[in-house]
>>> print(open('my_file_22.cif').read())   # mmCIF, C-alpha atoms and all ligand atoms
data_upload
loop_
_atom_site.label_atom_id
_atom_site.label_comp_id
_atom_site.auth_asym_id
_atom_site.auth_seq_id
_atom_site.Cartn_x
_atom_site.Cartn_y
_atom_site.Cartn_z
CA MET A 9 13.89 -17.05 -28.78
CA GLU A 10 10.40 -18.25 -29.58
CA LEU A 11 9.34 -17.91 -25.95
CA GLN A 12 10.70 -14.37 -25.77
CA GLU A 13 8.84 -13.44 -28.96
CA LYS A 14 5.60 -14.82 -27.59
CA PHE A 15 6.10 -12.88 -24.34
CA ASP A 16 6.89 -9.67 -26.27
CA ALA A 17 3.75 -10.10 -28.39
CA VAL A 18 1.54 -10.48 -25.29
CA ILE A 19 3.05 -7.31 -23.79
CA ALA A 20 2.72 -5.41 -27.10
CA HIS A 21 -0.99 -6.33 -27.31
CA HIS A 22 -1.57 -5.28 -23.68
CA ASP A 23 -2.69 -8.84 -22.95
CA ARG A 24 -1.87 -10.64 -19.74
CA ILE A 25 0.96 -12.88 -18.69
CA GLU A 26 -0.28 -15.70 -16.45
CA PRO A 27 1.67 -17.72 -13.84
CA ARG A 28 2.40 -20.72 -16.08
CA ASP A 29 3.53 -18.60 -19.05
CA TRP A 30 7.22 -18.22 -19.78
CA MET A 31 8.58 -14.86 -18.62
CA PRO A 32 12.06 -13.29 -18.51
CA ASP A 33 13.83 -13.58 -15.15
CA GLY A 34 13.98 -9.79 -14.81
CA TYR A 35 10.22 -9.49 -15.30
CA ARG A 36 9.63 -12.10 -12.59
CA ARG A 37 12.10 -10.42 -10.21
CA THR A 38 10.59 -6.97 -10.76
CA LEU A 39 7.09 -8.27 -10.11
CA ILE A 40 8.16 -10.09 -6.95
CA ARG A 41 9.83 -6.90 -5.71
CA GLN A 42 6.90 -4.60 -6.47
CA ILE A 43 4.05 -6.92 -5.41
CA ALA A 44 5.86 -7.97 -2.22
CA GLN A 45 6.61 -4.36 -1.28
CA HIS A 46 3.03 -3.47 -1.99
CA ALA A 47 1.84 -6.34 0.26
CA HIS A 48 4.26 -5.32 3.03
CA SER A 49 2.94 -1.73 2.78
CA GLU A 50 -0.62 -2.91 3.35
CA ILE A 51 0.42 -4.93 6.40
CA ILE A 52 2.64 -2.26 7.95
CA GLY A 53 0.01 0.32 6.93
CA MET A 54 -2.37 -1.20 9.49
CA GLN A 55 -0.25 0.19 12.34
CA PRO A 56 -0.61 3.99 12.11
CA GLU A 57 -4.41 3.78 12.00
CA GLY A 58 -4.68 0.72 14.24
CA ASN A 59 -3.07 2.96 16.84
CA TRP A 60 -6.41 4.81 17.11
CA ILE A 61 -8.92 1.94 17.23
CA GLY A 62 -8.98 1.92 21.04
CA ARG A 63 -9.40 5.70 21.16
CA ALA A 64 -12.03 6.28 18.46
CA PRO A 65 -14.38 9.12 19.46
CA SER A 66 -17.62 7.14 18.93
CA LEU A 67 -18.86 3.60 18.31
CA ARG A 68 -19.59 4.51 14.68
CA ARG A 69 -16.04 5.79 14.09
CA LYS A 70 -14.62 2.71 15.80
CA ALA A 71 -16.65 0.33 13.59
CA ILE A 72 -15.54 2.20 10.46
CA LEU A 73 -11.89 2.21 11.48
CA LEU A 74 -11.90 -1.49 12.45
CA ALA A 75 -13.39 -2.39 9.06
CA LYS A 76 -10.84 -0.26 7.22
CA VAL A 77 -7.84 -1.73 9.03
CA GLN A 78 -9.18 -5.25 8.39
CA ASP A 79 -9.48 -4.37 4.70
CA GLU A 80 -5.77 -3.47 4.67
CA ALA A 81 -4.96 -6.92 6.09
CA GLY A 82 -7.06 -8.46 3.31
CA HIS A 83 -5.20 -6.43 0.67
CA GLY A 84 -1.89 -7.65 2.05
CA LEU A 85 -3.09 -11.26 1.85
CA TYR A 86 -4.38 -11.05 -1.76
CA LEU A 87 -1.10 -9.47 -2.75
CA TYR A 88 1.04 -12.09 -0.98
CA SER A 89 -1.04 -14.75 -2.79
CA ALA A 90 -0.50 -13.01 -6.15
CA CYS A 91 3.23 -12.87 -5.39
CA GLU A 92 3.37 -16.57 -4.48
CA THR A 93 2.21 -17.43 -8.03
CA LEU A 94 5.66 -16.20 -9.14
CA GLY A 95 7.40 -19.02 -7.28
CA ILE A 96 8.29 -17.47 -3.94
CA SER A 97 6.83 -18.69 -0.65
CA ARG A 98 4.91 -16.69 1.95
CA ASP A 99 7.59 -17.55 4.52
CA GLU A 100 10.32 -16.11 2.29
CA LEU A 101 8.30 -12.94 1.71
CA VAL A 102 7.64 -12.40 5.40
CA GLU A 103 11.33 -12.95 6.12
CA LEU A 104 12.30 -10.34 3.50
CA LEU A 105 10.11 -7.80 5.30
CA LEU A 106 11.18 -8.68 8.83
CA SER A 107 14.89 -8.68 7.95
CA GLY A 108 14.52 -5.25 6.34
CA LYS A 109 15.74 -6.60 2.97
CA GLN A 110 12.55 -5.48 1.21
CA LYS A 111 10.94 -2.08 1.58
CA TYR A 112 7.43 -0.88 2.28
CA SER A 113 5.86 2.48 1.53
CA SER A 114 7.62 5.46 3.11
CA ILE A 115 4.31 6.98 4.21
CA PHE A 116 3.84 4.48 7.04
CA ASN A 117 6.99 5.65 8.80
CA TYR A 118 5.26 8.84 9.94
CA PRO A 119 3.38 8.96 13.26
CA THR A 120 -0.36 9.47 13.73
CA LEU A 121 -0.68 12.15 16.40
CA SER A 122 -4.41 12.95 16.46
CA TYR A 123 -7.72 11.46 15.34
CA ALA A 124 -7.72 13.90 12.43
CA ASP A 125 -4.83 11.80 11.06
CA VAL A 126 -7.29 8.92 10.50
CA GLY A 127 -9.27 11.23 8.19
CA THR A 128 -6.17 12.62 6.52
CA ILE A 129 -4.77 9.16 5.85
CA GLY A 130 -8.08 8.17 4.26
CA TRP A 131 -8.28 11.33 2.17
CA LEU A 132 -4.64 11.86 1.15
CA VAL A 133 -2.89 8.49 1.60
CA ASP A 134 -5.72 6.36 0.21
CA GLY A 135 -6.32 9.08 -2.40
CA ALA A 136 -2.68 8.79 -3.51
CA ALA A 137 -2.97 5.00 -3.39
CA ILE A 138 -5.97 5.11 -5.73
CA CYS A 139 -4.14 7.30 -8.27
CA ASN A 140 -1.20 4.91 -8.19
CA GLN A 141 -3.21 1.69 -8.12
CA VAL A 142 -6.09 2.18 -10.58
CA PRO A 143 -3.65 1.93 -13.53
CA LEU A 144 -2.25 -1.24 -11.90
CA CYS A 145 -5.62 -2.94 -12.56
CA ARG A 146 -4.32 -3.03 -16.16
CA THR A 147 -0.86 -4.26 -15.26
CA SER A 148 0.51 -6.99 -17.53
CA TYR A 149 0.63 -9.74 -14.86
CA GLY A 150 -2.80 -11.35 -14.46
CA PRO A 151 -2.90 -12.21 -10.72
CA TYR A 152 -1.62 -8.74 -9.74
CA GLY A 153 -4.14 -6.91 -11.95
CA ARG A 154 -7.05 -8.99 -10.68
CA ALA A 155 -6.06 -8.42 -7.03
CA MET A 156 -5.89 -4.69 -7.73
CA ILE A 157 -9.50 -4.52 -8.98
CA ARG A 158 -10.92 -5.46 -5.61
CA ILE A 159 -8.31 -3.46 -3.70
CA CYS A 160 -9.13 -0.29 -5.64
CA LYS A 161 -12.84 -0.62 -4.91
CA GLU A 162 -12.08 -0.82 -1.21
CA GLU A 163 -9.54 2.02 -1.38
CA SER A 164 -12.20 4.28 -2.93
CA PHE A 165 -14.44 3.60 0.03
CA HIS A 166 -11.53 4.31 2.38
CA GLN A 167 -10.83 7.61 0.67
CA ARG A 168 -14.44 8.71 1.03
CA GLN A 169 -14.63 7.76 4.69
CA GLY A 170 -11.52 9.88 5.32
CA TYR A 171 -12.98 12.83 3.47
CA GLU A 172 -16.28 12.48 5.33
CA LEU A 173 -14.47 12.38 8.68
CA LEU A 174 -12.54 15.55 7.84
CA ARG A 175 -15.68 17.28 6.56
CA THR A 176 -17.41 16.50 9.83
CA MET A 177 -14.48 17.92 11.81
CA MET A 178 -14.31 21.01 9.58
CA SER A 179 -17.93 21.78 10.40
CA GLY A 180 -17.17 21.43 14.13
CA THR A 181 -15.32 23.69 16.53
CA GLU A 182 -12.37 26.00 15.87
CA GLU A 183 -10.16 23.50 17.68
CA GLN A 184 -11.32 20.63 15.44
CA ARG A 185 -10.63 22.70 12.31
CA ALA A 186 -7.14 23.45 13.60
CA MET A 187 -6.56 19.72 14.20
CA VAL A 188 -7.46 18.97 10.58
CA GLN A 189 -5.20 21.72 9.22
CA GLU A 190 -2.28 20.59 11.40
CA SER A 191 -2.74 17.01 10.23
CA VAL A 192 -2.92 18.01 6.54
CA ASP A 193 0.24 20.11 7.01
CA ARG A 194 2.12 17.01 8.22
CA PHE A 195 0.79 14.53 5.65
CA TRP A 196 0.78 16.57 2.42
CA TRP A 197 4.44 16.25 1.44
CA PRO A 198 4.86 12.61 2.56
CA SER A 199 1.76 11.79 0.46
CA LEU A 200 3.41 13.27 -2.63
CA MET A 201 6.49 11.15 -1.87
CA MET A 202 4.41 7.94 -2.00
CA PHE A 203 4.66 8.10 -5.81
CA GLY A 204 8.41 7.51 -5.59
CA PRO A 205 11.39 9.58 -6.72
CA PRO A 206 11.11 11.92 -9.72
CA ASP A 207 11.19 10.13 -13.09
CA THR A 208 14.76 11.28 -13.70
CA GLU A 209 15.84 9.51 -10.48
CA SER A 210 13.67 6.39 -10.80
CA PRO A 211 15.91 3.47 -11.82
CA ASN A 212 13.07 0.97 -12.31
CA SER A 213 10.43 3.00 -14.15
CA ALA A 214 11.56 2.72 -17.78
CA GLN A 215 11.85 -1.08 -17.75
CA SER A 216 8.70 -1.54 -15.65
CA MET A 217 6.74 0.59 -18.12
CA ALA A 218 8.21 -1.25 -21.13
CA TRP A 219 7.00 -4.51 -19.54
CA GLY A 220 3.56 -3.05 -18.84
CA ILE A 221 4.00 -3.59 -15.08
CA LYS A 222 3.68 0.16 -14.43
CA ARG A 223 1.34 1.97 -16.79
CA ASN A 224 2.31 5.54 -15.80
CA SER A 225 5.45 7.20 -14.52
CA ASN A 226 5.89 8.40 -10.92
CA ASP A 227 5.66 12.08 -11.95
CA GLU A 228 2.54 11.57 -14.10
CA LEU A 229 0.70 9.98 -11.20
CA ARG A 230 1.91 12.61 -8.72
CA GLN A 231 0.54 15.32 -11.01
CA LYS A 232 -2.77 13.50 -11.32
CA PHE A 233 -3.03 13.32 -7.55
CA VAL A 234 -2.33 17.04 -7.10
CA ASP A 235 -4.90 17.95 -9.78
CA MET A 236 -7.51 15.75 -8.14
CA THR A 237 -6.82 16.90 -4.59
CA VAL A 238 -6.62 20.70 -4.82
CA PRO A 239 -10.37 21.18 -5.53
CA GLN A 240 -11.17 18.76 -2.69
CA ALA A 241 -9.00 20.81 -0.31
CA ASP A 242 -10.87 23.95 -1.39
CA ALA A 243 -14.21 22.26 -0.77
CA LEU A 244 -13.03 21.13 2.67
CA GLY A 245 -11.69 24.58 3.54
CA VAL A 246 -8.11 23.46 4.29
CA THR A 247 -4.93 25.01 2.95
CA LEU A 248 -2.37 22.73 1.31
CA PRO A 249 1.05 23.71 2.71
CA ASP A 250 2.69 24.64 -0.60
CA PRO A 251 3.03 28.32 -1.57
CA ALA A 252 4.00 27.28 -5.12
CA LEU A 253 0.65 25.58 -5.73
CA THR A 254 -1.08 27.45 -8.60
CA TRP A 255 -3.19 26.58 -11.62
CA ASN A 256 -1.20 26.66 -14.86
CA ASP A 257 -3.56 27.43 -17.72
CA GLU A 258 -1.02 26.61 -20.38
CA ARG A 259 -0.29 23.14 -19.01
CA GLY A 260 -3.85 22.50 -17.89
CA HIS A 261 -2.46 21.29 -14.54
CA TYR A 262 -1.52 22.66 -11.13
CA ASP A 263 2.11 23.68 -10.65
CA PHE A 264 3.46 22.62 -7.29
CA GLY A 265 6.64 22.79 -5.22
CA GLU A 266 9.42 20.23 -5.03
CA PRO A 267 9.09 17.62 -2.27
CA ASP A 268 12.16 17.18 -0.06
CA TRP A 269 13.75 14.24 -1.88
CA ALA A 270 16.50 13.93 0.73
CA GLU A 271 13.77 13.21 3.27
CA LEU A 272 12.31 10.46 1.03
CA THR A 273 15.76 8.90 0.61
CA ALA A 274 16.31 8.94 4.38
CA VAL A 275 12.90 7.38 5.12
CA ILE A 276 13.42 4.66 2.48
CA ARG A 277 16.89 3.99 3.94
CA GLY A 278 15.27 3.29 7.34
CA ASP A 279 15.82 6.66 9.01
CA GLY A 280 12.23 7.93 9.10
CA PRO A 281 10.52 8.90 12.36
CA CYS A 282 8.89 5.47 12.92
CA ASN A 283 10.83 2.90 10.83
CA ALA A 284 12.34 1.09 13.82
CA GLN A 285 9.05 1.13 15.74
CA ARG A 286 7.03 -0.23 12.79
CA LEU A 287 9.38 -3.17 12.15
CA ALA A 288 9.76 -3.97 15.85
CA HIS A 289 5.97 -4.07 16.21
CA ARG A 290 5.59 -6.35 13.16
CA ARG A 291 8.33 -8.70 14.40
CA ALA A 292 6.65 -8.93 17.81
CA ALA A 293 3.23 -9.60 16.20
CA HIS A 294 4.83 -12.30 14.03
CA ASP A 295 6.38 -13.99 17.07
CA ASP A 296 3.14 -13.73 19.04
CA GLY A 297 1.31 -15.42 16.15
CA ALA A 298 3.68 -18.41 15.97
CA TRP A 299 1.27 -20.67 17.86
CA VAL A 300 -1.52 -19.91 15.36
CA ARG A 301 0.68 -20.93 12.42
CA GLU A 302 1.78 -24.09 14.26
CA ALA A 303 -1.82 -24.98 15.09
CA ALA A 304 -2.91 -24.40 11.46
CA LEU A 305 -0.10 -26.64 10.15
CA ALA A 306 -0.90 -29.34 12.71
CA PHE A 307 -4.57 -29.18 11.71
CA ARG A 308 -3.71 -29.51 8.03
CA ALA A 309 -1.40 -32.46 8.70
CA HIS A 310 -4.22 -34.03 10.69
CA GLU A 311 -6.71 -33.49 7.85
CA ASP A 312 -4.24 -34.89 5.28
CA GLY A 313 -3.72 -37.94 7.48
CA THR A 314 0.01 -37.25 7.78
CA ALA A 315 -0.06 -36.68 11.52
CA PRO A 316 -1.11 -38.96 14.37
CA VAL A 317 -4.84 -38.62 14.95
CA VAL A 318 -5.60 -37.16 18.34
CA HIS A 319 -9.29 -37.71 19.13
CA ASP A 320 -9.52 -35.99 22.43
CA ALA A 321 -7.52 -34.62 25.30
CA ALA A 322 -7.16 -38.02 26.92
CA ASP A 323 -5.56 -39.39 23.71
CA ALA A 324 -3.23 -36.44 23.60
CA PHE A 325 -1.97 -37.27 27.08
CA GLY A 326 -1.81 -41.03 26.39
CA ASP A 327 -4.29 -41.75 29.16
CA ARG A 328 -7.59 -43.50 28.35
CA SER A 329 -8.13 -45.16 31.70
N1 LIG B 1 8.42 4.23 -0.27
O1 LIG B 1 12.63 3.11 -9.37
P1 LIG B 1 11.54 3.51 -8.41
C1 LIG B 1 -1.50 1.76 0.57
C2 LIG B 1 11.80 2.61 -3.76
S1 LIG B 1 -0.13 0.79 0.31
C3 LIG B 1 9.37 3.27 -0.15
O2 LIG B 1 10.66 4.62 -8.81
P2 LIG B 1 9.39 1.62 -8.68
C4 LIG B 1 -2.21 1.75 1.85
C5 LIG B 1 11.53 1.57 -4.82
O3 LIG B 1 10.95 0.41 -4.26
C6 LIG B 1 0.87 1.81 -0.75
N2 LIG B 1 10.18 2.91 -1.19
O4 LIG B 1 10.70 2.20 -8.02
C7 LIG B 1 -2.03 0.76 2.78
C8 LIG B 1 12.91 1.36 -5.38
O5 LIG B 1 13.68 0.53 -4.50
P3 LIG B 1 13.99 -1.03 -4.82
C9 LIG B 1 1.93 1.06 -1.43
C10 LIG B 1 10.00 3.56 -2.35
O6 LIG B 1 9.12 0.31 -8.02
C11 LIG B 1 -2.64 0.83 4.03
C12 LIG B 1 13.55 2.72 -5.30
O7 LIG B 1 12.83 3.42 -4.29
N3 LIG B 1 1.70 1.12 -2.86
O8 LIG B 1 -1.77 2.48 -0.29
O9 LIG B 1 9.46 1.62 -10.17
C13 LIG B 1 -3.44 1.94 4.36
C14 LIG B 1 13.52 3.49 -6.59
O10 LIG B 1 12.18 3.85 -6.98
C15 LIG B 1 9.04 4.55 -2.53
C16 LIG B 1 2.40 0.37 -3.71
O11 LIG B 1 3.26 -0.36 -3.30
C17 LIG B 1 8.23 4.88 -1.44
N4 LIG B 1 7.29 5.84 -1.50
O12 LIG B 1 8.24 2.67 -8.28
C18 LIG B 1 -3.63 2.93 3.41
C19 LIG B 1 1.99 0.47 -5.16
N5 LIG B 1 9.12 5.02 -3.79
O13 LIG B 1 12.65 -1.75 -4.72
C20 LIG B 1 -3.04 2.86 2.16
C21 LIG B 1 2.81 -0.41 -6.07
C22 LIG B 1 10.11 4.34 -4.37
O14 LIG B 1 14.54 -1.08 -6.21
N6 LIG B 1 4.14 0.06 -6.25
N7 LIG B 1 10.65 3.48 -3.51
O15 LIG B 1 14.94 -1.46 -3.75
C23 LIG B 1 4.49 1.01 -7.17
O16 LIG B 1 3.66 1.55 -7.87
C24 LIG B 1 5.95 1.33 -7.34
O17 LIG B 1 6.71 0.30 -6.73
C25 LIG B 1 6.36 2.72 -6.76
C26 LIG B 1 7.89 2.87 -6.93
C27 LIG B 1 5.68 3.82 -7.53
C28 LIG B 1 6.04 2.82 -5.27
#
>>> encode(input="my_file_22.cif", output="structure tokens")
Amino acid sequence: MELQEKFDAVIAHHDRIEPRDWMPDGYRRTLIRQIAQHAHSEIIGMQPEGNWIGRAPSLRRKAILLAKVQDEAGHGLYLYSACETLGISRDELVELLLSGKQKYSSIFNYPTLSYADVGTIGWLVDGAAICNQVPLCRTSYGPYGRAMIRICKEESFHQRQGYELLRTMMSGTEEQRAMVQESVDRFWWPSLMMFGPPDTESPNSAQSMAWGIKRNSNDELRQKFVDMTVPQADALGVTLPDPALTWNDERGHYDFGEPDWAELTAVIRGDGPCNAQRLAHRRAAHDDGAWVREAALAFRAHEDGTAPVVHDAADAFGDRS
């Protein structure tokens, strides 16, 4: 009772819960679910853009894209570390992803069909990520909030690089402008779906907000993203593919159409265009990396003195003659 009261007081004061503090089981479970799925999203999210590293149109674009994809790997690793402070191991988390028991963001189950998609992902996908993640810097769990501060700084840079890429293409040829428009047409609705189902259909939101894990509802953040993005689309000279998109003076926000929620449900269920491909690729990468993990463990055991010391190749083969 006393522990619960102390926890409630920390949440009520918008202070932080730290790993060694007592916390309700549900709070711990919700954090593990959300942080792990966020980490998985960063790791799987490397694939759609990584697909273009070998085909970047210039050395400059290649260097930018390599750095961005590496940043996503870093985000995944900080988030896995934050999640481990809740008492779950990295191995268990990886297994939950590879077995399909835990989800990752729906957006990464769509294909990247042209180089314009690299710009659109930066502009729209990282833009949506920023709207969703800036409030998470103030989440009630300390390690998650602190990881988010650095992640958001890097996401802002990613968003700008995407916008800059699209601006460059929009000032190019007619064909380049058409590539940008076609890409935006494909990514607009899936980007809106990144914020999750509507509030009325979101089973976790109310409790997550009461615990200070989420600071805003899915619909609030979706609206914020639309309001932020429409003027940027105008400045770029692209049309957002939604005839219902209009400024509402009374609300002080843009009105917009309804995303296809059946599509989101299907993609989350595993039936999106690239779900099978993304998981198969991750499983293969995990298997290919087995020797690195084994070598790292053997090195640590060696350093700790818990493994036989092998000084050189001759020792390893038992032959010093
Ligand atoms: N995709 O009750 P709800 C990035 C699931 S990485 C898939 O509203 P919640 C980036 C949800 O998990 C972007 N699943 O849930 C990386 C729940 O199922 P479970 C990732 C979704 O948790 C590389 C069920 O639907 N960002 O930006 O309160 C390159 C009901 O939903 C989705 C984060 O992970 C979806 N879109 O709210 C570039 C941010 N939406 O778990 C960029 C942190 C919902 O009960 N996460 N589901 O089986 C969050 O803020 C929240 O978890 C969400 C969902 C807003 C996503």
>>> atom_distance(input="my_file_22.cif", atom1="CA of Lys76 in chain A", atom2="CA of Phe165 in chain A")
8.9 Å
>>> residues_near_ligand(input="my_file_22.cif", ligand="ligand LIG 1 (chain B)", cutoff="6 Å", atoms="all atoms listed in the file", output="PyMOL selection string")
chain A and resi 41-42+45-46+49-50+53-54+80+111-114+133-134+137+140+201-205+210-213+226+276
>>> closest_residue(input="my_file_22.cif", among="A:Gly170, A:Gly245, A:Gly150, A:Gly130", to="Gly220 in chain A", atoms="all atoms listed in the file")
A:Gly150
>>> closest_residue(input="my_file_22.cif", among="A:Asp312, A:Glu163, A:Glu271, A:Asp235", to="Thr254 in chain A", atoms="all atoms listed in the file")
A:Asp235
>>> atom_distance(input="my_file_22.cif", atom1="CA of Trp197 in chain A", atom2="CA of Pro56 in chain A")
17.0 Å
>>> closest_residue(input="my_file_22.cif", among="A:Phe15, A:Pro251, A:Met9, A:Ile43", to="Gln110 in chain A", atoms="all atoms listed in the file")
A:Ile43
>>> closest_residue(input="my_file_22.cif", among="A:Gln55, A:Gln169, A:Thr147, A:Gln141", to="Met217 in chain A", atoms="all atoms listed in the file")
A:Thr147
>>> closest_residue(input="my_file_22.cif", among="A:Ile221, A:Val102, A:Ala309, A:Ala293", to="Ile19 in chain A", atoms="all atoms listed in the file")
A:Ile221
